[in-house]
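*Asks:* Below you'll find work_11.json; it's JSON, C-alpha atoms.
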```
[["chain", "number", "residue", "atom", "x", "y", "z"],
["A", 1, "PHE", "CA", 0.00, 0.00, 0.00],
["A", 2, "THR", "CA", 1.10, 3.54, -0.69],
["A", 3, "GLU", "CA", 1.09, 6.07, 2.14],
["A", 4, "THR", "CA", -2.01, 7.68, 0.61],
["A", 5, "GLU", "CA", -3.81, 4.34, 0.50],
["A", 6, "LYS", "CA", -2.85, 3.63, 4.11],
["A", 7, "THR", "CA", -4.31, 6.98, 5.17],
["A", 8, "LEU", "CA", -7.56, 6.26, 3.33],
["A", 9, "LEU", "CA", -7.87, 2.79, 4.85],
["A", 10, "ASN", "CA", -6.97, 3.73, 8.41],
["A", 11, "GLY", "CA", -10.15, 3.87, 10.48],
["A", 12, "SER", "CA", -12.41, 3.19, 7.48],
["A", 13, "TRP", "CA", -13.89, -0.02, 8.90],
["A", 14, "ASP", "CA", -17.30, -0.32, 10.54],
["A", 15, "PHE", "CA", -16.47, -3.35, 12.67],
["A", 16, "PHE", "CA", -13.94, -6.17, 13.05],
["A", 17, "GLY", "CA", -15.25, -9.59, 11.95],
["A", 18, "LEU", "CA", -13.45, -12.54, 13.54],
["A", 19, "ASN", "CA", -13.64, -16.22, 12.58],
["A", 20, "HIS", "CA", -11.98, -18.27, 15.31],
["A", 21, "TYR", "CA", -11.78, -22.03, 15.83],
["A", 22, "THR", "CA", -8.47, -23.02, 17.35],
["A", 23, "THR", "CA", -5.08, -21.89, 18.63],
["A", 24, "LYS", "CA", -1.56, -23.06, 17.87],
["A", 25, "TRP", "CA", 2.03, -22.27, 18.65],
["A", 26, "VAL", "CA", 3.69, -20.18, 15.94],
["A", 27, "LYS", "CA", 7.29, -19.42, 15.12],
["A", 28, "ALA", "CA", 8.95, -17.31, 12.44],
["A", 29, "VAL", "CA", 10.75, -18.83, 9.48],
["A", 30, "PRO", "CA", 13.78, -17.53, 7.56],
["A", 31, "PRO", "CA", 13.03, -14.79, 5.00],
["A", 32, "TYR", "CA", 11.30, -16.18, 1.91],
["A", 33, "ASN", "CA", 13.32, -16.16, -1.34],
["A", 34, "ASP", "CA", 10.28, -15.76, -3.68],
["A", 35, "SER", "CA", 11.07, -19.03, -5.48],
["A", 36, "ASN", "CA", 7.65, -20.71, -5.21],
["A", 37, "PRO", "CA", 5.03, -18.50, -3.53],
["A", 38, "ASP", "CA", 1.91, -20.07, -2.10],
["A", 39, "TRP", "CA", -0.57, -19.68, 0.78],
["A", 40, "PHE", "CA", 1.88, -21.08, 3.32],
["A", 41, "THR", "CA", 4.86, -18.93, 2.31],
["A", 42, "ASP", "CA", 2.65, -15.84, 2.47],
["A", 43, "GLN", "CA", 2.20, -16.41, 6.22],
["A", 44, "ASN", "CA", 5.97, -16.30, 6.84],
["A", 45, "ASN", "CA", 5.67, -18.65, 9.81],
["A", 46, "VAL", "CA", 5.05, -22.25, 10.79],
["A", 47, "ASP", "CA", 2.46, -23.38, 13.33],
["A", 48, "SER", "CA", 2.01, -26.46, 15.45],
["A", 49, "ALA", "CA", -0.65, -27.80, 17.79],
["A", 50, "CYS", "CA", 2.13, -29.24, 19.94],
["A", 51, "ASN", "CA", 4.46, -27.32, 22.20],
["A", 52, "PRO", "CA", 7.84, -27.18, 20.40],
["A", 53, "TYR", "CA", 9.71, -27.59, 23.68],
["A", 54, "ASN", "CA", 8.00, -30.63, 25.17],
["A", 55, "ALA", "CA", 5.67, -31.86, 22.37],
["A", 56, "THR", "CA", 2.51, -31.64, 24.48],
["A", 57, "PRO", "CA", -0.72, -30.86, 22.56],
["A", 58, "ILE", "CA", -2.33, -27.50, 23.22],
["A", 59, "GLY", "CA", -5.67, -29.15, 23.97],
["A", 60, "PHE", "CA", -8.08, -31.91, 23.04],
["A", 61, "LYS", "CA", -8.18, -32.68, 19.31],
["A", 62, "ALA", "CA", -11.48, -32.35, 17.46],
["A", 63, "ASP", "CA", -12.33, -34.39, 14.34],
["A", 64, "SER", "CA", -10.51, -32.08, 11.94],
["A", 65, "GLU", "CA", -6.74, -32.49, 11.92],
["A", 66, "TRP", "CA", -6.17, -28.77, 12.39],
["A", 67, "LEU", "CA", -8.65, -28.15, 15.21],
["A", 68, "TYR", "CA", -7.64, -28.35, 18.88],
["A", 69, "VAL", "CA", -9.72, -27.07, 21.79],
["A", 70, "ALA", "CA", -7.93, -24.10, 23.39],
["A", 71, "PRO", "CA", -10.51, -21.54, 24.59],
["A", 72, "MET", "CA", -8.08, -19.02, 26.03],
["A", 73, "GLY", "CA", -6.80, -18.46, 22.51],
["A", 74, "LEU", "CA", -10.06, -16.66, 21.77],
["A", 75, "TYR", "CA", -9.65, -14.49, 24.86],
["A", 76, "HIS", "CA", -6.13, -13.49, 23.87],
["A", 77, "VAL", "CA", -6.94, -12.71, 20.24],
["A", 78, "LEU", "CA", -9.91, -10.58, 21.30],
["A", 79, "LYS", "CA", -7.66, -8.62, 23.68],
["A", 80, "TRP", "CA", -5.08, -8.27, 20.91],
["A", 81, "VAL", "CA", -7.65, -6.80, 18.51],
["A", 82, "GLU", "CA", -8.81, -4.45, 21.25],
["A", 83, "GLN", "CA", -5.30, -3.17, 21.87],
["A", 84, "ARG", "CA", -4.11, -3.18, 18.26],
["A", 85, "TYR", "CA", -7.08, -1.41, 16.69],
["A", 86, "GLY", "CA", -8.37, 0.80, 19.47],
["A", 87, "ASN", "CA", -11.17, -1.49, 20.71],
["A", 88, "PRO", "CA", -13.42, -1.54, 17.65],
["A", 89, "PRO", "CA", -16.82, -3.27, 17.64],
["A", 90, "ILE", "CA", -16.00, -6.98, 17.25],
["A", 91, "PHE", "CA", -18.36, -9.55, 15.74],
["A", 92, "VAL", "CA", -17.29, -13.16, 16.31],
["A", 93, "THR", "CA", -18.69, -14.37, 13.00],
["A", 94, "GLU", "CA", -17.69, -18.06, 13.27],
["A", 95, "ASN", "CA", -16.76, -20.31, 16.18],
["A", 96, "GLY", "CA", -17.34, -24.03, 16.56],
["A", 97, "CYS", "CA", -15.94, -27.54, 16.27],
["A", 98, "ASP", "CA", -16.52, -31.02, 14.93],
["A", 99, "VAL", "CA", -16.71, -33.94, 17.35],
["A", 100, "PRO", "CA", -14.19, -36.80, 16.98],
["A", 101, "ASP", "CA", -15.65, -39.59, 14.78],
["A", 102, "GLU", "CA", -19.09, -37.95, 14.81],
["A", 103, "SER", "CA", -19.88, -38.83, 11.19],
["A", 104, "SER", "CA", -19.43, -42.55, 11.89],
["A", 105, "LEU", "CA", -21.48, -42.63, 15.11],
["A", 106, "PRO", "CA", -25.06, -43.95, 15.37],
["A", 107, "LEU", "CA", -27.58, -41.13, 15.54],
["A", 108, "GLU", "CA", -28.27, -41.51, 19.26],
["A", 109, "GLN", "CA", -24.57, -41.20, 20.10],
["A", 110, "ALA", "CA", -24.01, -38.34, 17.65],
["A", 111, "LEU", "CA", -26.77, -36.34, 19.33],
["A", 112, "ASN", "CA", -25.03, -36.69, 22.69],
["A", 113, "ASP", "CA", -22.29, -34.26, 21.70],
["A", 114, "THR", "CA", -20.84, -33.40, 25.10],
["A", 115, "PHE", "CA", -17.50, -32.64, 23.40],
["A", 116, "ARG", "CA", -19.14, -29.75, 21.52],
["A", 117, "VAL", "CA", -21.00, -28.55, 24.62],
["A", 118, "GLU", "CA", -17.69, -28.29, 26.48],
["A", 119, "TYR", "CA", -16.14, -26.50, 23.49],
["A", 120, "TYR", "CA", -18.86, -23.83, 23.39],
["A", 121, "ASP", "CA", -18.93, -23.50, 27.16],
["A", 122, "GLY", "CA", -15.18, -22.91, 27.17],
["A", 123, "TYR", "CA", -15.04, -20.50, 24.26],
["A", 124, "ILE", "CA", -18.07, -18.44, 25.27],
["A", 125, "THR", "CA", -16.69, -18.25, 28.80],
["A", 126, "ALA", "CA", -13.40, -16.94, 27.39],
["A", 127, "MET", "CA", -15.26, -14.40, 25.25],
["A", 128, "THR", "CA", -17.41, -13.11, 28.11],
["A", 129, "GLN", "CA", -14.29, -12.83, 30.25],
["A", 130, "ALA", "CA", -12.83, -10.55, 27.57],
["A", 131, "ILE", "CA", -16.05, -8.54, 27.49],
["A", 132, "GLU", "CA", -15.96, -8.12, 31.26],
["A", 133, "SER", "CA", -12.43, -6.72, 31.00],
["A", 134, "GLY", "CA", -13.50, -4.13, 28.42],
["A", 135, "THR", "CA", -13.35, -5.72, 24.97],
["A", 136, "ASN", "CA", -16.09, -4.38, 22.69],
["A", 137, "VAL", "CA", -17.64, -7.66, 21.47],
["A", 138, "ARG", "CA", -21.06, -6.97, 19.96],
["A", 139, "ALA", "CA", -22.16, -10.37, 18.63],
["A", 140, "TYR", "CA", -21.29, -14.06, 18.54],
["A", 141, "PHE", "CA", -22.27, -16.63, 15.91],
["A", 142, "ALA", "CA", -21.84, -20.38, 16.37],
["A", 143, "TRP", "CA", -20.66, -22.46, 13.44],
["A", 144, "SER", "CA", -22.96, -23.93, 12.69],
["A", 145, "LEU", "CA", -26.71, -24.17, 13.07],
["A", 146, "LEU", "CA", -26.78, -27.31, 10.90],
["A", 147, "ASP", "CA", -24.35, -29.92, 9.66],
["A", 148, "ASN", "CA", -23.39, -28.81, 6.17],
["A", 149, "TYR", "CA", -20.87, -28.99, 3.33],
["A", 150, "GLU", "CA", -17.51, -28.19, 4.93],
["A", 151, "TRP", "CA", -15.26, -26.90, 2.16],
["A", 152, "ALA", "CA", -12.64, -29.48, 1.09],
["A", 153, "ASP", "CA", -13.95, -31.97, 3.69],
["A", 154, "GLY", "CA", -17.38, -32.08, 2.07],
["A", 155, "TYR", "CA", -19.94, -33.89, 4.21],
["A", 156, "SER", "CA", -17.33, -35.89, 6.14],
["A", 157, "LYS", "CA", -17.15, -33.37, 9.01],
["A", 158, "ARG", "CA", -20.08, -32.20, 11.12],
["A", 159, "PHE", "CA", -20.02, -28.80, 12.82],
["A", 160, "GLY", "CA", -23.75, -28.38, 13.38],
["A", 161, "LEU", "CA", -25.82, -27.86, 16.49],
["A", 162, "HIS", "CA", -28.38, -29.94, 14.60],
["A", 163, "TYR", "CA", -27.69, -33.32, 13.01],
["A", 164, "VAL", "CA", -28.65, -33.57, 9.34],
["A", 165, "ASN", "CA", -29.43, -36.91, 7.71],
["A", 166, "TYR", "CA", -27.99, -36.36, 4.25],
["A", 167, "THR", "CA", -30.21, -39.06, 2.74],
["A", 168, "ASP", "CA", -33.65, -37.76, 3.70],
["A", 169, "LEU", "CA", -32.60, -34.32, 5.07],
["A", 170, "THR", "CA", -34.29, -34.83, 8.43],
["A", 171, "ARG", "CA", -32.79, -32.69, 11.19],
["A", 172, "HIS", "CA", -32.30, -33.56, 14.84],
["A", 173, "PRO", "CA", -31.23, -31.14, 17.62],
["A", 174, "LYS", "CA", -28.07, -32.27, 19.37],
["A", 175, "MET", "CA", -27.37, -31.79, 23.06],
["A", 176, "SER", "CA", -25.31, -28.73, 22.09],
["A", 177, "ALA", "CA", -28.41, -27.08, 20.56],
["A", 178, "GLN", "CA", -30.32, -27.59, 23.79],
["A", 179, "TRP", "CA", -27.41, -26.30, 25.86],
["A", 180, "PHE", "CA", -26.97, -23.26, 23.60],
["A", 181, "SER", "CA", -30.66, -22.33, 23.85],
["A", 182, "HIS", "CA", -30.65, -22.73, 27.63],
["A", 183, "TYR", "CA", -27.44, -20.72, 27.97],
["A", 184, "ALA", "CA", -28.59, -17.82, 25.80],
["A", 185, "ASN", "CA", -32.14, -17.60, 27.12],
["A", 186, "VAL", "CA", -31.87, -18.69, 30.76],
["A", 187, "LEU", "CA", -28.35, -18.94, 32.14],
["A", 188, "ASN", "CA", -26.78, -15.86, 30.58],
["A", 189, "ALA", "CA", -29.21, -13.75, 28.56],
["A", 190, "ASN", "CA", -27.10, -10.62, 29.22],
["A", 191, "ALA", "CA", -23.84, -12.18, 27.98],
["A", 192, "SER", "CA", -22.13, -11.54, 31.30],
["A", 193, "TYR", "CA", -19.10, -13.40, 32.57],
["A", 194, "ILE", "CA", -20.54, -16.23, 34.66],
["A", 195, "GLY", "CA", -17.76, -18.80, 34.34],
["A", 196, "HIS", "CA", -18.19, -22.37, 33.16],
["A", 197, "THR", "CA", -21.64, -23.91, 33.19],
["A", 198, "VAL", "CA", -20.71, -27.56, 32.62],
["A", 199, "GLN", "CA", -18.21, -29.86, 34.25],
["A", 200, "ARG", "CA", -14.95, -29.90, 32.32],
["A", 201, "THR", "CA", -13.30, -33.11, 31.18],
["A", 202, "PRO", "CA", -9.97, -33.24, 33.06],
["A", 203, "MET", "CA", -6.89, -32.88, 30.90],
["A", 204, "SER", "CA", -4.22, -35.50, 31.38],
["A", 205, "PRO", "CA", -0.57, -34.48, 31.90],
["A", 206, "GLN", "CA", 0.07, -35.00, 28.18],
["A", 207, "TYR", "CA", -1.84, -31.79, 27.43],
["A", 208, "ALA", "CA", -0.48, -28.32, 27.90],
["A", 209, "ALA", "CA", -1.95, -26.00, 30.51]]
```
Can the structure in the file be given as structure tokens, please?
*Replies:*
Amino acid sequence: FTETEKTLLNGSWDFFGLNHYTTKWVKAVPPYNDSNPDWFTDQNNVDSACNPYNATPIGFKADSEWLYVAPMGLYHVLKWVEQRYGNPPIFVTENGCDVPDESSLPLEQALNDTFRVEYYDGYITAMTQAIESGTNVRAYFAWSLLDNYEWADGYSKRFGLHYVNYTDLTRHPKMSAQWFSHYANVLNANASYIGHTVQRTPMSPQYAA
């Protein structure tokens, strides 16, 4: 960008839209030599879900290879946006997870998605903690209302609060849908910081704190 373009862009936004699913450790890489540019070289870093010093995972792994449950990552990125951009209105436009092996589970087991309930409980708790400390979060959107076509993974991954039978298109609310409705309408209608609302699955020593 030229200096004129930077001046025009600075402060021209209406809000900051944030898609957030997971957190990883990141380290810089040597300067790129422009030999074969691609999406990865453009980032100028490498990331890992495991601690580079002791190889412990950052959290429980979801069904997708890239997705690990690390709620405090959302808290920290919200605080970073607040400090970096002068606390703009922030809309969390996507946040959610797929449950390990969910697509291969019988319907009754798939609907009992306690893994997803713990994910949302953790991430929404982290977000409301950021709000309590002054971050200007205006809205939050779960990904997703329904199981759907997930980019390169197609129908093999399920992120929905509702289970979709892809043969007859019937839809079934999962436990996470019931929890989400109860949380938003009864437990925390004002989006205050109230802490965790479900019992957390203990993390074994193999996971990072």
*Asks:* So that I can see what lies close to Glu102 of chain A, please list as a list of chain:residue names the residues with an atom at most 8 Å from it, counting only C-alpha atoms and leaving out residues fewer than 5 positions away in the same chain.
*Replies:* A:Asp63, A:Ala110, A:Lys157, A:Arg158
*Asks:* Within 12 Å of Gly59 of chain A, counting all atoms listed in the file, which residues qualify if same-chain residues fewer than 4 places away don't, as a list in words?
*Replies:*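 So, after excluding close chain neighbours, the residues are Thr22, Thr23, Lys24, Trp25, Ser48, Ala49, Cys50, Asn51, Ala55, Trp66, Leu67, Tyr68, Val69, Ala70, Pro71, Met72, Gly73, Tyr119, Gly122, Thr201, Pro202, Met203, Ser204, Pro205, Gln206, Tyr207, Ala208 and Ala209 of chain A.
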*Asks:* Tell me, in Å to one decimal, how far atom CA of Trp80 of chain A is from atom CA of Asn95 of chain A.
*Replies:* 17.4 Å
*Asks:* Report, in Å with one decimal, the straight-line distance from atom CA of Tyr149 of chain A to atom CA of Tyr166 of chain A.
*Replies:*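 Taking atom CA of Tyr149 of chain A and atom CA of Tyr166 of chain A, their separation equals 10.3 Å.
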*Asks:* For the atom pair atom CA of His162 of chain A and atom CA of Ser144 of chain A, what is the interatomic distance in Å to one decimal place?
*Replies:*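 So the two atoms, atom CA of His162 of chain A and atom CA of Ser144 of chain A, lie 8.3 Å apart.
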*Asks:* Pick from A:Ser181, A:Ser192, A:Thr167, A:Ser156: nearest to Ser133 of chain A, with all atoms listed in the file counted?
*Replies:* A:Ser192
*Asks:* Which neighbours of Glu108 of chain A fall inside 12 Å, counting all atoms listed in the file, when residues of the same chain fewer than 5 positions from it are skipped, and could you give them as a ChimeraX atom specification?
*Replies:* /A:102-103,113,163,172-175
*Asks:* For a quick check of understanding, using only C-alpha atoms, which of A:Ile194, A:Leu161, A:Ala142, A:Leu8 has the smallest distance to Ala177 of chain A?
*Replies:*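 Under the stated criterion, the closest residue is A:Leu161.
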*Asks:* Just checking: using only C-alpha atoms, which residue out of A:Ala191, A:Val137, A:Ala184, A:Cys97 ends up closest to Ala62 of chain A?
*Replies:*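 Result for the nearest residue to Ala62 of chain A: A:Cys97.
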*Asks:* Near Asn165 of chain A, counting all atoms listed in the file, which residues have an atom at most 10 Å away, once you skip same-chain residues fewer than 5 positions from it, shown as a PDB file with C-alpha atoms, in the coordinates of the input?
*Replies:*
```
ATOM      1  CA  LEU A 107     -27.580 -41.130  15.540  1.00  0.00           C
ATOM      2  CA  ASP A 147     -24.350 -29.920   9.660  1.00  0.00           C
ATOM      3  CA  THR A 170     -34.290 -34.830   8.430  1.00  0.00           C
ATOM      4  CA  ARG A 171     -32.790 -32.690  11.190  1.00  0.00           C
ATOM      5  CA  HIS A 172     -32.300 -33.560  14.840  1.00  0.00           C
TER       6      HIS A 172
END
```
*Asks:* Between A:Thr114, A:Gln199, A:Ser64, A:Gln178, single out the one closest to Asp153 of chain A, counting only C-alpha atoms.
*Replies:* A:Ser64
*Asks:* Between A:Asn112, A:Thr56, A:Asn136, A:Asn188, which one has atoms that come closest to Ser176 of chain A, using all atoms listed in the file?
*Replies:*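 Looking only at the distances to Ser176 of chain A, the closest residue turns out to be A:Asn112.
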*Asks:* Excluding segment 82-84 of chain A and residues on its chain fewer than 3 positions from it, collect all residues at most 12 Å away from it, counting all atoms listed in the file, and give them as a short mmCIF file (atom, residue, chain, number, x, y, z; two decimals) with C-alpha atoms, in the frame of the given file.
*Replies:*
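Saved as out_19.cif:
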```cif
data_model
loop_
_atom_site.label_atom_id
_atom_site.label_comp_id
_atom_site.auth_asym_id
_atom_site.auth_seq_id
_atom_site.Cartn_x
_atom_site.Cartn_y
_atom_site.Cartn_z
CA PHE A 15 -16.47 -3.35 12.67
CA PHE A 16 -13.94 -6.17 13.05
CA TYR A 75 -9.65 -14.49 24.86
CA HIS A 76 -6.13 -13.49 23.87
CA VAL A 77 -6.94 -12.71 20.24
CA LEU A 78 -9.91 -10.58 21.30
CA LYS A 79 -7.66 -8.62 23.68
CA ASN A 87 -11.17 -1.49 20.71
CA PRO A 88 -13.42 -1.54 17.65
CA PRO A 89 -16.82 -3.27 17.64
CA ILE A 90 -16.00 -6.98 17.25
CA ALA A 130 -12.83 -10.55 27.57
CA ILE A 131 -16.05 -8.54 27.49
CA SER A 133 -12.43 -6.72 31.00
CA GLY A 134 -13.50 -4.13 28.42
CA THR A 135 -13.35 -5.72 24.97
CA ASN A 136 -16.09 -4.38 22.69
CA VAL A 137 -17.64 -7.66 21.47
#
```
*Asks:* Mind rebuilding segment 97-117 of chain A with N, CA, C and O atoms and writing that out as a compact mmCIF listing (two decimals), keeping the file's coordinate frame?
*Replies:*
```txt
# COMPACT_ATOMS: atom_id res chain seq x y z
N CYS A 97 -16.82 -26.38 16.43
CA CYS A 97 -15.94 -27.54 16.27
C CYS A 97 -16.70 -28.74 15.75
O CYS A 97 -17.93 -28.79 15.79
N ASP A 98 -15.95 -29.71 15.25
CA ASP A 98 -16.52 -31.02 14.93
C ASP A 98 -16.10 -32.00 16.02
O ASP A 98 -15.05 -31.86 16.64
N VAL A 99 -16.94 -32.97 16.28
CA VAL A 99 -16.71 -33.94 17.35
C VAL A 99 -15.96 -35.15 16.78
O VAL A 99 -16.29 -35.63 15.70
N PRO A 100 -14.94 -35.65 17.48
CA PRO A 100 -14.19 -36.80 16.98
C PRO A 100 -15.11 -37.97 16.58
O PRO A 100 -15.97 -38.39 17.35
N ASP A 101 -14.93 -38.42 15.33
CA ASP A 101 -15.65 -39.59 14.78
C ASP A 101 -17.16 -39.40 14.71
O ASP A 101 -17.91 -40.38 14.57
N GLU A 102 -17.64 -38.18 14.77
CA GLU A 102 -19.09 -37.95 14.81
C GLU A 102 -19.82 -38.51 13.59
O GLU A 102 -20.93 -39.05 13.71
N SER A 103 -19.21 -38.39 12.42
CA SER A 103 -19.88 -38.83 11.19
C SER A 103 -20.09 -40.34 11.14
O SER A 103 -20.95 -40.83 10.40
N SER A 104 -19.30 -41.09 11.90
CA SER A 104 -19.43 -42.55 11.89
C SER A 104 -20.26 -43.08 13.06
O SER A 104 -20.48 -44.29 13.16
N LEU A 105 -20.73 -42.20 13.94
CA LEU A 105 -21.48 -42.63 15.11
C LEU A 105 -22.95 -42.88 14.78
O LEU A 105 -23.52 -42.21 13.91
N PRO A 106 -23.60 -43.82 15.47
CA PRO A 106 -25.06 -43.95 15.37
C PRO A 106 -25.72 -42.65 15.79
O PRO A 106 -25.16 -41.89 16.59
N LEU A 107 -26.90 -42.39 15.29
CA LEU A 107 -27.58 -41.13 15.54
C LEU A 107 -27.68 -40.81 17.03
O LEU A 107 -27.37 -39.69 17.46
N GLU A 108 -28.09 -41.76 17.84
CA GLU A 108 -28.27 -41.51 19.26
C GLU A 108 -26.98 -41.03 19.92
O GLU A 108 -26.99 -40.13 20.75
N GLN A 109 -25.85 -41.62 19.53
CA GLN A 109 -24.57 -41.20 20.10
C GLN A 109 -24.14 -39.85 19.55
O GLN A 109 -23.57 -39.02 20.27
N ALA A 110 -24.39 -39.62 18.27
CA ALA A 110 -24.01 -38.34 17.65
C ALA A 110 -24.76 -37.17 18.29
O ALA A 110 -24.22 -36.07 18.41
N LEU A 111 -25.99 -37.41 18.71
CA LEU A 111 -26.77 -36.34 19.33
C LEU A 111 -26.28 -36.00 20.73
O LEU A 111 -26.53 -34.91 21.23
N ASN A 112 -25.57 -36.92 21.35
CA ASN A 112 -25.03 -36.69 22.69
C ASN A 112 -23.64 -36.07 22.60
O ASN A 112 -22.64 -36.64 23.03
N ASP A 113 -23.56 -34.89 22.04
CA ASP A 113 -22.29 -34.26 21.70
C ASP A 113 -21.72 -33.43 22.85
O ASP A 113 -21.55 -32.21 22.75
N THR A 114 -21.40 -34.10 23.93
CA THR A 114 -20.84 -33.40 25.10
C THR A 114 -19.52 -32.71 24.78
O THR A 114 -19.19 -31.69 25.38
N PHE A 115 -18.76 -33.26 23.82
CA PHE A 115 -17.50 -32.64 23.40
C PHE A 115 -17.77 -31.23 22.89
O PHE A 115 -17.07 -30.28 23.26
N ARG A 116 -18.81 -31.07 22.09
CA ARG A 116 -19.14 -29.75 21.52
C ARG A 116 -19.70 -28.82 22.61
O ARG A 116 -19.42 -27.61 22.59
N VAL A 117 -20.47 -29.36 23.52
CA VAL A 117 -21.00 -28.55 24.62
C VAL A 117 -19.84 -27.96 25.43
O VAL A 117 -19.82 -26.76 25.74
```
